[in-house]
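Below is one structure, written out as structure tokens; comments come after it.
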Amino acid sequence: MPSRPYVLAESNWKAVRDTPFEVAILPWGATEPHNYHLPYATDNYETGALAERAAEIAWKKGAKVIVLPTVPFGVNTGQIDLKLALNMNPSTQLALLTDIASAIAGQGIRKLLILNGHGGNDFRQMIRELQPRLDLFICTINWWTCVKSADYFDEPGDHAGEMETSLMMSLEPDLLRPLSEAGAGKARKFRIAGLRDGWAWAPRQWSKVTDDTGTGNPALSTPDKGEKFLNAVAEKIGGFLIDLSKADLDKMYESD
Ligand SMILES: [Zn+2]
């Protein structure tokens, strides 16, 4: 496969030196169990692939975007008792983000998109802290919120359910175990009504919530559903990248 000019890992110094990149995209995933049938790096495969597809769409429309390597470590404090769930604390993530963002800010890149693919990661407060210190516009997208998953799946699920399983069937079919080996992904709810209904919040202790590490039933997953959803999300993010690339940072708000 020839190298793609919008993927840093495939690019060389001459091409990078001569391209006036406007937007860097940092995919950020996690390494954690995903029921019995999906691999530990599921979030990284999904998020990296979406970043590349979206960047390709934007690049073909002339936007100078570059996908950075995927950060494979997410916040997994709620899964810390699950074997080889590799937690990275939010404070460590902030240190890592600070270093990456500071590096590219000094290299002429003006905008950074953090593409998040793991529910335990939350970059908003980090961006609030970091933004005033850097000459770099920083924004974030949780890719699973871009389009309505209920339009694409019978029962999208939360973790390793129909959505994630369908995406992985499309992206990395050789890494999946057959659906007959998957657990049902049954999730126990909080007893307290406010927490159950979502207007009160506390992190969930995963080992008490689910027996197979999944929260979502993968039974109705298909690669076709996955591919359609991937394309819809990539189109949406690709469009955003085009807008972001063109945007004048001194004129980010509508005029009166
Ligand atoms: Zn996942």
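As shown in the structure tokens, the chain order sets the letters A, B, ...; within each chain, residues go from 1, and ligands are also counted from 1 in the order they appear.
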Next on the checklist: Could you list, as a list in words, all residues that come within 6 Å of ligand 1? Count only C-alpha atoms and all ligand atoms.
Outcome noted: Thr42, Asp43, His118, His159 and Ala160 of chain A
Just all heavy atoms for this one: save the residues we selected as a compact mmCIF listing (two decimals), in the first residue's frame.
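Wrote it out as part_10.txt, contents follow:
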```
# COMPACT_ATOMS: atom_id res chain seq x y z
N THR A 42 -9.57 -3.00 20.74
CA THR A 42 -10.74 -2.61 19.94
C THR A 42 -10.88 -1.09 19.79
O THR A 42 -11.04 -0.58 18.67
CB THR A 42 -12.03 -3.21 20.57
OG1 THR A 42 -12.01 -4.64 20.36
CG2 THR A 42 -13.29 -2.64 19.96
N ASP A 43 -10.80 -0.36 20.89
CA ASP A 43 -10.97 1.11 20.81
C ASP A 43 -9.90 1.75 19.93
O ASP A 43 -10.15 2.75 19.25
CB ASP A 43 -10.91 1.75 22.21
CG ASP A 43 -12.11 1.35 23.07
OD1 ASP A 43 -12.99 0.61 22.59
OD2 ASP A 43 -12.14 1.78 24.24
N HIS A 118 -12.90 6.18 23.71
CA HIS A 118 -13.10 5.39 24.94
C HIS A 118 -13.92 6.19 25.95
O HIS A 118 -13.58 7.34 26.27
CB HIS A 118 -11.72 5.02 25.52
CG HIS A 118 -11.78 4.40 26.88
ND1 HIS A 118 -12.39 3.18 27.11
CD2 HIS A 118 -11.30 4.83 28.08
CE1 HIS A 118 -12.28 2.90 28.41
NE2 HIS A 118 -11.64 3.88 29.01
N HIS A 159 -20.56 -1.10 25.50
CA HIS A 159 -19.18 -1.58 25.44
C HIS A 159 -19.18 -3.02 24.92
O HIS A 159 -19.76 -3.91 25.55
CB HIS A 159 -18.57 -1.52 26.86
CG HIS A 159 -17.18 -2.02 26.95
ND1 HIS A 159 -16.10 -1.33 26.42
CD2 HIS A 159 -16.67 -3.14 27.47
CE1 HIS A 159 -15.00 -2.01 26.64
NE2 HIS A 159 -15.32 -3.11 27.28
N ALA A 160 -18.54 -3.21 23.74
CA ALA A 160 -18.47 -4.53 23.11
C ALA A 160 -19.84 -5.06 22.70
O ALA A 160 -20.03 -6.27 22.56
CB ALA A 160 -17.74 -5.54 24.00
```
Item to check | Backbone DSSP call of alpha helix (DSSP H) for range 23-122 of chain A, listed as a PyMOL selection string | outcome: chain A and resi 42-60+90-105
Write out the residues from the selection above, keeping C-alpha atoms, as a PDB file, in the first residue's frame.
```
ATOM      1  CA  THR A  42     -10.743  -2.615  19.937  1.00  0.00           C
ATOM      2  CA  ASP A  43     -10.972   1.110  20.810  1.00  0.00           C
ATOM      3  CA  ASN A  44      -7.586   1.743  19.164  1.00  0.00           C
ATOM      4  CA  TYR A  45      -8.491  -0.055  15.924  1.00  0.00           C
ATOM      5  CA  GLU A  46     -11.817   1.785  15.711  1.00  0.00           C
ATOM      6  CA  THR A  47     -10.496   5.239  16.558  1.00  0.00           C
ATOM      7  CA  GLY A  48      -7.386   4.983  14.384  1.00  0.00           C
ATOM      8  CA  ALA A  49      -9.433   3.793  11.405  1.00  0.00           C
ATOM      9  CA  LEU A  50     -12.003   6.559  11.838  1.00  0.00           C
ATOM     10  CA  ALA A  51      -9.264   9.200  12.084  1.00  0.00           C
ATOM     11  CA  GLU A  52      -7.708   7.909   8.852  1.00  0.00           C
ATOM     12  CA  ARG A  53     -11.000   7.681   6.950  1.00  0.00           C
ATOM     13  CA  ALA A  54     -12.049  11.166   8.048  1.00  0.00           C
ATOM     14  CA  ALA A  55      -8.609  12.573   7.192  1.00  0.00           C
ATOM     15  CA  GLU A  56      -8.767  10.971   3.727  1.00  0.00           C
ATOM     16  CA  ILE A  57     -12.133  12.642   3.053  1.00  0.00           C
ATOM     17  CA  ALA A  58     -10.773  16.032   4.171  1.00  0.00           C
ATOM     18  CA  TRP A  59      -7.453  15.603   2.328  1.00  0.00           C
ATOM     19  CA  LYS A  60      -9.234  14.885  -0.959  1.00  0.00           C
ATOM     20  CA  PRO A  90      -6.362  11.474  33.829  1.00  0.00           C
ATOM     21  CA  SER A  91      -3.436  13.384  35.357  1.00  0.00           C
ATOM     22  CA  THR A  92      -0.967  11.268  33.347  1.00  0.00           C
ATOM     23  CA  GLN A  93      -3.049  11.786  30.209  1.00  0.00           C
ATOM     24  CA  LEU A  94      -2.873  15.541  30.798  1.00  0.00           C
ATOM     25  CA  ALA A  95       0.925  15.341  31.059  1.00  0.00           C
ATOM     26  CA  LEU A  96       1.082  13.357  27.813  1.00  0.00           C
ATOM     27  CA  LEU A  97      -1.334  15.688  26.035  1.00  0.00           C
ATOM     28  CA  THR A  98       0.612  18.723  27.261  1.00  0.00           C
ATOM     29  CA  ASP A  99       3.841  17.371  25.764  1.00  0.00           C
ATOM     30  CA  ILE A 100       2.307  16.453  22.373  1.00  0.00           C
ATOM     31  CA  ALA A 101       0.344  19.702  22.098  1.00  0.00           C
ATOM     32  CA  SER A 102       3.353  21.821  23.154  1.00  0.00           C
ATOM     33  CA  ALA A 103       5.528  20.075  20.557  1.00  0.00           C
ATOM     34  CA  ILE A 104       3.225  20.651  17.607  1.00  0.00           C
ATOM     35  CA  ALA A 105       2.305  24.185  18.729  1.00  0.00           C
TER      36      ALA A 105
END
```
Would you mind listing, for every residue of range 157-226 of chain A within 7 Å of range 66-85 of chain A, the two atoms forming the shortest contact and the distance between them in Å to one decimal, using only C-alpha atoms, sorted by chain and ascending residue number, as a Markdown table?
```
| residue | atom | partner | partner_atom | distance |
| --- | --- | --- | --- | --- |
| A:Pro203 | CA | A:Gly78 | CA | 6.6 |
| A:Arg204 | CA | A:Gly78 | CA | 6.0 |
| A:Gln205 | CA | A:Gly78 | CA | 4.8 |
| A:Trp206 | CA | A:Gln79 | CA | 5.5 |
| A:Ser207 | CA | A:Gln79 | CA | 7.0 |
```
Checklist entry - So, counting only C-alpha atoms, which residue among A:Ser221, A:Ser149, A:Asn35, A:Gln107 is closest to Phe21 in chain A? => result A:Gln107
Item to check | Which of range 115-235 of chain A DSSP labels strand (DSSP E), written as number ranges by chain | outcome: A: 115-116, 137-142
Checklist entry - Neighbours of range 243-256 of chain A within 9 Å (only C-alpha atoms; same-chain residues fewer than 5 positions away dropped), as a ChimeraX atom specification? => result /A:21-23,58,63-65,110-111,137,238
Would you output that residue set with N, CA and C atoms, as a PDB file, in the first residue's frame?
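Generated file (again09.pdb):
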```pdb
ATOM      1  N   PHE A  21       0.732  21.723   7.060  1.00  0.00           N
ATOM      2  CA  PHE A  21      -0.378  21.098   7.788  1.00  0.00           C
ATOM      3  C   PHE A  21      -1.093  22.128   8.651  1.00  0.00           C
ATOM      4  N   GLU A  22      -2.401  22.069   8.624  1.00  0.00           N
ATOM      5  CA  GLU A  22      -3.234  23.006   9.375  1.00  0.00           C
ATOM      6  C   GLU A  22      -3.775  22.343  10.655  1.00  0.00           C
ATOM      7  N   VAL A  23      -4.204  21.072  10.517  1.00  0.00           N
ATOM      8  CA  VAL A  23      -4.857  20.375  11.633  1.00  0.00           C
ATOM      9  C   VAL A  23      -4.147  19.048  11.905  1.00  0.00           C
ATOM     10  N   ALA A  58     -11.161  14.614   4.097  1.00  0.00           N
ATOM     11  CA  ALA A  58     -10.773  16.032   4.171  1.00  0.00           C
ATOM     12  C   ALA A  58      -9.608  16.328   3.214  1.00  0.00           C
ATOM     13  N   ALA A  63      -7.933  19.848   2.340  1.00  0.00           N
ATOM     14  CA  ALA A  63      -7.586  20.219   3.726  1.00  0.00           C
ATOM     15  C   ALA A  63      -6.260  19.555   4.107  1.00  0.00           C
ATOM     16  N   LYS A  64      -5.368  20.329   4.682  1.00  0.00           N
ATOM     17  CA  LYS A  64      -4.050  19.801   5.071  1.00  0.00           C
ATOM     18  C   LYS A  64      -4.130  19.284   6.510  1.00  0.00           C
ATOM     19  N   VAL A  65      -4.429  17.990   6.618  1.00  0.00           N
ATOM     20  CA  VAL A  65      -4.610  17.368   7.929  1.00  0.00           C
ATOM     21  C   VAL A  65      -3.616  16.218   8.084  1.00  0.00           C
ATOM     22  N   ARG A 110      -1.578  24.818  13.773  1.00  0.00           N
ATOM     23  CA  ARG A 110      -2.419  25.782  14.486  1.00  0.00           C
ATOM     24  C   ARG A 110      -3.590  25.134  15.226  1.00  0.00           C
ATOM     25  N   LYS A 111      -3.956  23.895  14.823  1.00  0.00           N
ATOM     26  CA  LYS A 111      -5.180  23.300  15.365  1.00  0.00           C
ATOM     27  C   LYS A 111      -4.968  21.819  15.683  1.00  0.00           C
ATOM     28  N   PHE A 137      -5.265  25.856  18.770  1.00  0.00           N
ATOM     29  CA  PHE A 137      -6.687  25.638  19.037  1.00  0.00           C
ATOM     30  C   PHE A 137      -6.902  24.145  19.270  1.00  0.00           C
ATOM     31  N   GLY A 238     -14.976  14.099   8.728  1.00  0.00           N
ATOM     32  CA  GLY A 238     -14.270  14.652   7.565  1.00  0.00           C
ATOM     33  C   GLY A 238     -14.760  16.065   7.258  1.00  0.00           C
TER      34      GLY A 238
END
```
Next on the checklist: When you count only C-alpha atoms, which of these residues is closest to Ile109 in chain A: A:Leu134, A:Leu230, A:Met88, A:Val209?
Outcome noted: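 Smallest separation from Ile109 in chain A among the options: A:Leu134.
Coordinates place CA of Val7 in chain A at a distance of 25.6 Å from CA of Met163 in chain A.
Among the candidates A:Ala9, A:Ala232, A:Ala41, A:Ala15, the one nearest to Asp151 in chain A when counting only C-alpha atoms is A:Ala232.
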Item to check | Computed interatomic separation between CA of Leu220 in chain A and CA of Glu32 in chain A (Å) | outcome: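 Calculated distance between CA of Leu220 in chain A and CA of Glu32 in chain A is 22.6 Å.
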Next on the checklist: Neighbouring residues of Ile127 in chain A were defined as those with any atom within 10 Å, considering only C-alpha atoms; residues of the same chain fewer than 2 positions away were excluded. Please report them as a ChimeraX atom specification.
Outcome noted: /A:94,97-98,114,122-125,129-132,137-140
Using all heavy atoms, can you export the residues from the last selection as a tab-separated table (two decimals), in the first residue's frame?
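Result file is result_4.tsv:
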```tsv
chain	number	residue	atom	x	y	z
A	94	LEU	N	-3.08	14.10	30.97
A	94	LEU	CA	-2.87	15.54	30.80
A	94	LEU	C	-1.40	15.84	30.54
A	94	LEU	O	-1.07	16.66	29.70
A	94	LEU	CB	-3.38	16.32	32.02
A	94	LEU	CG	-3.08	17.82	32.00
A	94	LEU	CD1	-3.70	18.52	30.80
A	94	LEU	CD2	-3.56	18.50	33.29
A	97	LEU	N	-0.71	14.75	26.97
A	97	LEU	CA	-1.33	15.69	26.03
A	97	LEU	C	-0.57	17.01	26.01
A	97	LEU	O	-0.37	17.60	24.94
A	97	LEU	CB	-2.80	15.92	26.43
A	97	LEU	CG	-3.57	16.93	25.59
A	97	LEU	CD1	-3.67	16.48	24.14
A	97	LEU	CD2	-4.97	17.15	26.17
A	98	THR	N	-0.15	17.47	27.18
A	98	THR	CA	0.61	18.72	27.26
A	98	THR	C	1.89	18.64	26.42
A	98	THR	O	2.22	19.56	25.67
A	98	THR	CB	0.97	19.04	28.73
A	98	THR	OG1	-0.23	19.10	29.49
A	98	THR	CG2	1.71	20.36	28.85
A	114	ILE	N	-8.55	16.13	19.20
A	114	ILE	CA	-8.38	14.86	19.91
A	114	ILE	C	-9.60	14.02	19.57
A	114	ILE	O	-10.73	14.38	19.93
A	114	ILE	CB	-8.28	15.06	21.43
A	114	ILE	CG1	-7.15	16.05	21.77
A	114	ILE	CG2	-8.05	13.72	22.13
A	114	ILE	CD1	-7.25	16.60	23.19
A	122	ASP	N	-11.98	11.67	29.12
A	122	ASP	CA	-12.71	12.93	28.98
A	122	ASP	C	-11.69	14.06	28.89
A	122	ASP	O	-11.03	14.37	29.88
A	122	ASP	CB	-13.65	13.14	30.16
A	122	ASP	CG	-14.56	14.35	29.95
A	122	ASP	OD1	-14.31	15.13	29.00
A	122	ASP	OD2	-15.51	14.52	30.73
A	123	PHE	N	-11.57	14.64	27.71
A	123	PHE	CA	-10.50	15.62	27.48
A	123	PHE	C	-10.95	17.06	27.69
A	123	PHE	O	-10.14	17.98	27.60
A	123	PHE	CB	-9.92	15.43	26.08
A	123	PHE	CG	-9.26	14.09	25.93
A	123	PHE	CD1	-9.90	13.05	25.27
A	123	PHE	CD2	-8.03	13.84	26.52
A	123	PHE	CE1	-9.32	11.79	25.18
A	123	PHE	CE2	-7.43	12.60	26.43
A	123	PHE	CZ	-8.07	11.57	25.77
A	124	ARG	N	-12.22	17.28	27.98
A	124	ARG	CA	-12.70	18.66	28.02
A	124	ARG	C	-12.02	19.49	29.11
A	124	ARG	O	-11.56	20.60	28.85
A	124	ARG	CB	-14.22	18.69	28.18
A	124	ARG	CG	-14.92	18.25	26.89
A	124	ARG	CD	-16.42	18.20	27.06
A	124	ARG	NE	-16.78	17.26	28.11
A	124	ARG	CZ	-18.03	17.01	28.49
A	124	ARG	NH1	-19.02	17.66	27.91
A	124	ARG	NH2	-18.28	16.13	29.44
A	125	GLN	N	-11.96	18.96	30.32
A	125	GLN	CA	-11.32	19.72	31.40
A	125	GLN	C	-9.83	19.92	31.14
A	125	GLN	O	-9.26	20.95	31.51
A	125	GLN	CB	-11.53	19.01	32.75
A	125	GLN	CG	-12.97	18.93	33.19
A	125	GLN	CD	-13.59	20.30	33.42
A	125	GLN	OE1	-13.86	21.03	32.49
A	125	GLN	NE2	-13.78	20.65	34.69
A	129	GLU	N	-7.83	23.55	30.77
A	129	GLU	CA	-6.61	23.90	31.50
A	129	GLU	C	-5.47	24.28	30.56
A	129	GLU	O	-4.70	25.20	30.83
A	129	GLU	CB	-6.19	22.73	32.40
A	129	GLU	CG	-4.92	23.01	33.18
A	129	GLU	CD	-4.66	22.03	34.32
A	129	GLU	OE1	-5.60	21.37	34.79
A	129	GLU	OE2	-3.48	21.93	34.73
A	130	LEU	N	-5.37	23.57	29.45
A	130	LEU	CA	-4.23	23.69	28.54
A	130	LEU	C	-4.37	24.87	27.58
A	130	LEU	O	-3.38	25.53	27.23
A	130	LEU	CB	-4.13	22.38	27.75
A	130	LEU	CG	-2.83	21.97	27.10
A	130	LEU	CD1	-1.66	22.09	28.06
A	130	LEU	CD2	-2.98	20.54	26.58
A	131	GLN	N	-5.60	25.14	27.14
A	131	GLN	CA	-5.83	26.11	26.06
A	131	GLN	C	-5.18	27.47	26.30
A	131	GLN	O	-4.51	27.98	25.40
A	131	GLN	CB	-7.34	26.25	25.81
A	131	GLN	CG	-7.69	27.14	24.62
A	131	GLN	CD	-7.17	26.59	23.30
A	131	GLN	OE1	-7.82	25.83	22.63
A	131	GLN	NE2	-5.95	26.97	22.95
A	132	PRO	N	-5.34	28.08	27.49
A	132	PRO	CA	-4.75	29.42	27.65
A	132	PRO	C	-3.22	29.44	27.63
A	132	PRO	O	-2.62	30.48	27.47
A	132	PRO	CB	-5.27	29.88	29.03
A	132	PRO	CG	-6.02	28.76	29.61
A	132	PRO	CD	-6.10	27.63	28.66
A	137	PHE	N	-5.27	25.86	18.77
A	137	PHE	CA	-6.69	25.64	19.04
A	137	PHE	C	-6.90	24.15	19.27
A	137	PHE	O	-6.53	23.32	18.44
A	137	PHE	CB	-7.52	26.11	17.83
A	137	PHE	CG	-8.99	25.90	18.01
A	137	PHE	CD1	-9.76	26.82	18.72
A	137	PHE	CD2	-9.62	24.78	17.46
A	137	PHE	CE1	-11.12	26.62	18.89
A	137	PHE	CE2	-10.98	24.58	17.63
A	137	PHE	CZ	-11.73	25.51	18.34
A	138	ILE	N	-7.49	23.79	20.41
A	138	ILE	CA	-7.67	22.37	20.74
A	138	ILE	C	-9.16	22.06	20.90
A	138	ILE	O	-9.88	22.78	21.60
A	138	ILE	CB	-6.94	21.99	22.06
A	138	ILE	CG1	-5.50	22.53	22.05
A	138	ILE	CG2	-6.92	20.47	22.23
A	138	ILE	CD1	-4.77	22.32	23.37
A	139	CYS	N	-9.59	20.99	20.24
A	139	CYS	CA	-10.98	20.57	20.36
A	139	CYS	C	-11.04	19.05	20.44
A	139	CYS	O	-10.04	18.37	20.20
A	139	CYS	CB	-11.82	21.09	19.19
A	139	CYS	SG	-11.18	20.64	17.57
A	140	THR	N	-12.18	18.52	20.80
A	140	THR	CA	-12.30	17.06	20.94
A	140	THR	C	-13.64	16.56	20.44
A	140	THR	O	-14.64	17.30	20.47
A	140	THR	CB	-12.07	16.63	22.42
A	140	THR	OG1	-12.06	15.19	22.49
A	140	THR	CG2	-13.15	17.16	23.35
```
Item to check | Interatomic distance (Å, one decimal) between CA of Met168 in chain A and CA of Lys228 in chain A | outcome: 12.4 Å
Next on the checklist: What's around range 175-179 of chain A at 7 Å? Count only C-alpha atoms, leave out sequence neighbours fewer than 6 positions away in its own chain, and write the answer as a list in words.
Outcome noted: His37, Leu38, Pro39 and Ala219 of chain A
Could you give me, as a PDB file with N, CA and C atoms, in the first residue's frame, the residues within 9 Å of range 181-184 of chain A, counting only C-alpha atoms and dropping anything in the same chain fewer than 6 positions from it?
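Contents of part-v2.pdb, freshly written:
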```
ATOM      1  N   ASN A  35     -15.568  -8.044  26.244  1.00  0.00           N
ATOM      2  CA  ASN A  35     -16.320  -9.310  26.196  1.00  0.00           C
ATOM      3  C   ASN A  35     -15.366 -10.439  25.766  1.00  0.00           C
ATOM      4  N   TYR A  36     -15.879 -11.602  25.414  1.00  0.00           N
ATOM      5  CA  TYR A  36     -15.010 -12.747  25.095  1.00  0.00           C
ATOM      6  C   TYR A  36     -14.579 -12.748  23.636  1.00  0.00           C
ATOM      7  N   HIS A  37     -15.204 -11.895  22.808  1.00  0.00           N
ATOM      8  CA  HIS A  37     -15.028 -12.081  21.362  1.00  0.00           C
ATOM      9  C   HIS A  37     -14.254 -10.966  20.664  1.00  0.00           C
ATOM     10  N   LEU A  38     -14.047  -9.802  21.345  1.00  0.00           N
ATOM     11  CA  LEU A  38     -13.331  -8.692  20.703  1.00  0.00           C
ATOM     12  C   LEU A  38     -11.951  -8.514  21.343  1.00  0.00           C
ATOM     13  N   GLY A 161     -20.802  -4.167  22.516  1.00  0.00           N
ATOM     14  CA  GLY A 161     -22.139  -4.554  22.082  1.00  0.00           C
ATOM     15  C   GLY A 161     -22.245  -4.603  20.562  1.00  0.00           C
ATOM     16  N   ASP A 211     -20.476  -9.683  33.902  1.00  0.00           N
ATOM     17  CA  ASP A 211     -19.693 -10.907  34.128  1.00  0.00           C
ATOM     18  C   ASP A 211     -18.704 -11.180  32.999  1.00  0.00           C
ATOM     19  N   ASP A 212     -19.015 -10.701  31.778  1.00  0.00           N
ATOM     20  CA  ASP A 212     -18.166 -11.015  30.617  1.00  0.00           C
ATOM     21  C   ASP A 212     -17.382  -9.797  30.132  1.00  0.00           C
ATOM     22  N   THR A 213     -17.431  -8.704  30.854  1.00  0.00           N
ATOM     23  CA  THR A 213     -16.816  -7.392  30.581  1.00  0.00           C
ATOM     24  C   THR A 213     -17.563  -6.594  29.506  1.00  0.00           C
ATOM     25  N   GLY A 214     -18.580  -7.186  28.879  1.00  0.00           N
ATOM     26  CA  GLY A 214     -19.362  -6.448  27.886  1.00  0.00           C
ATOM     27  C   GLY A 214     -20.558  -5.767  28.536  1.00  0.00           C
ATOM     28  N   THR A 215     -20.964  -4.621  27.998  1.00  0.00           N
ATOM     29  CA  THR A 215     -22.243  -4.014  28.381  1.00  0.00           C
ATOM     30  C   THR A 215     -22.961  -3.679  27.072  1.00  0.00           C
ATOM     31  N   GLY A 216     -23.724  -4.618  26.600  1.00  0.00           N
ATOM     32  CA  GLY A 216     -24.389  -4.495  25.306  1.00  0.00           C
ATOM     33  C   GLY A 216     -24.381  -5.851  24.625  1.00  0.00           C
ATOM     34  N   ASN A 217     -25.514  -6.199  24.025  1.00  0.00           N
ATOM     35  CA  ASN A 217     -25.659  -7.517  23.420  1.00  0.00           C
ATOM     36  C   ASN A 217     -25.138  -7.508  21.975  1.00  0.00           C
ATOM     37  N   PRO A 218     -24.123  -8.324  21.670  1.00  0.00           N
ATOM     38  CA  PRO A 218     -23.557  -8.299  20.316  1.00  0.00           C
ATOM     39  C   PRO A 218     -24.308  -9.175  19.307  1.00  0.00           C
ATOM     40  N   ALA A 219     -25.399  -9.832  19.716  1.00  0.00           N
ATOM     41  CA  ALA A 219     -26.008 -10.901  18.902  1.00  0.00           C
ATOM     42  C   ALA A 219     -26.384 -10.473  17.480  1.00  0.00           C
TER      43      ALA A 219
END
```
Checklist entry - For Leu171 in chain A, which of A:Pro20, A:Pro27, A:Ser3, A:Pro223 is the closest residue, counting only C-alpha atoms? => result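 Selected residue with least distance to Leu171 in chain A: A:Pro223.
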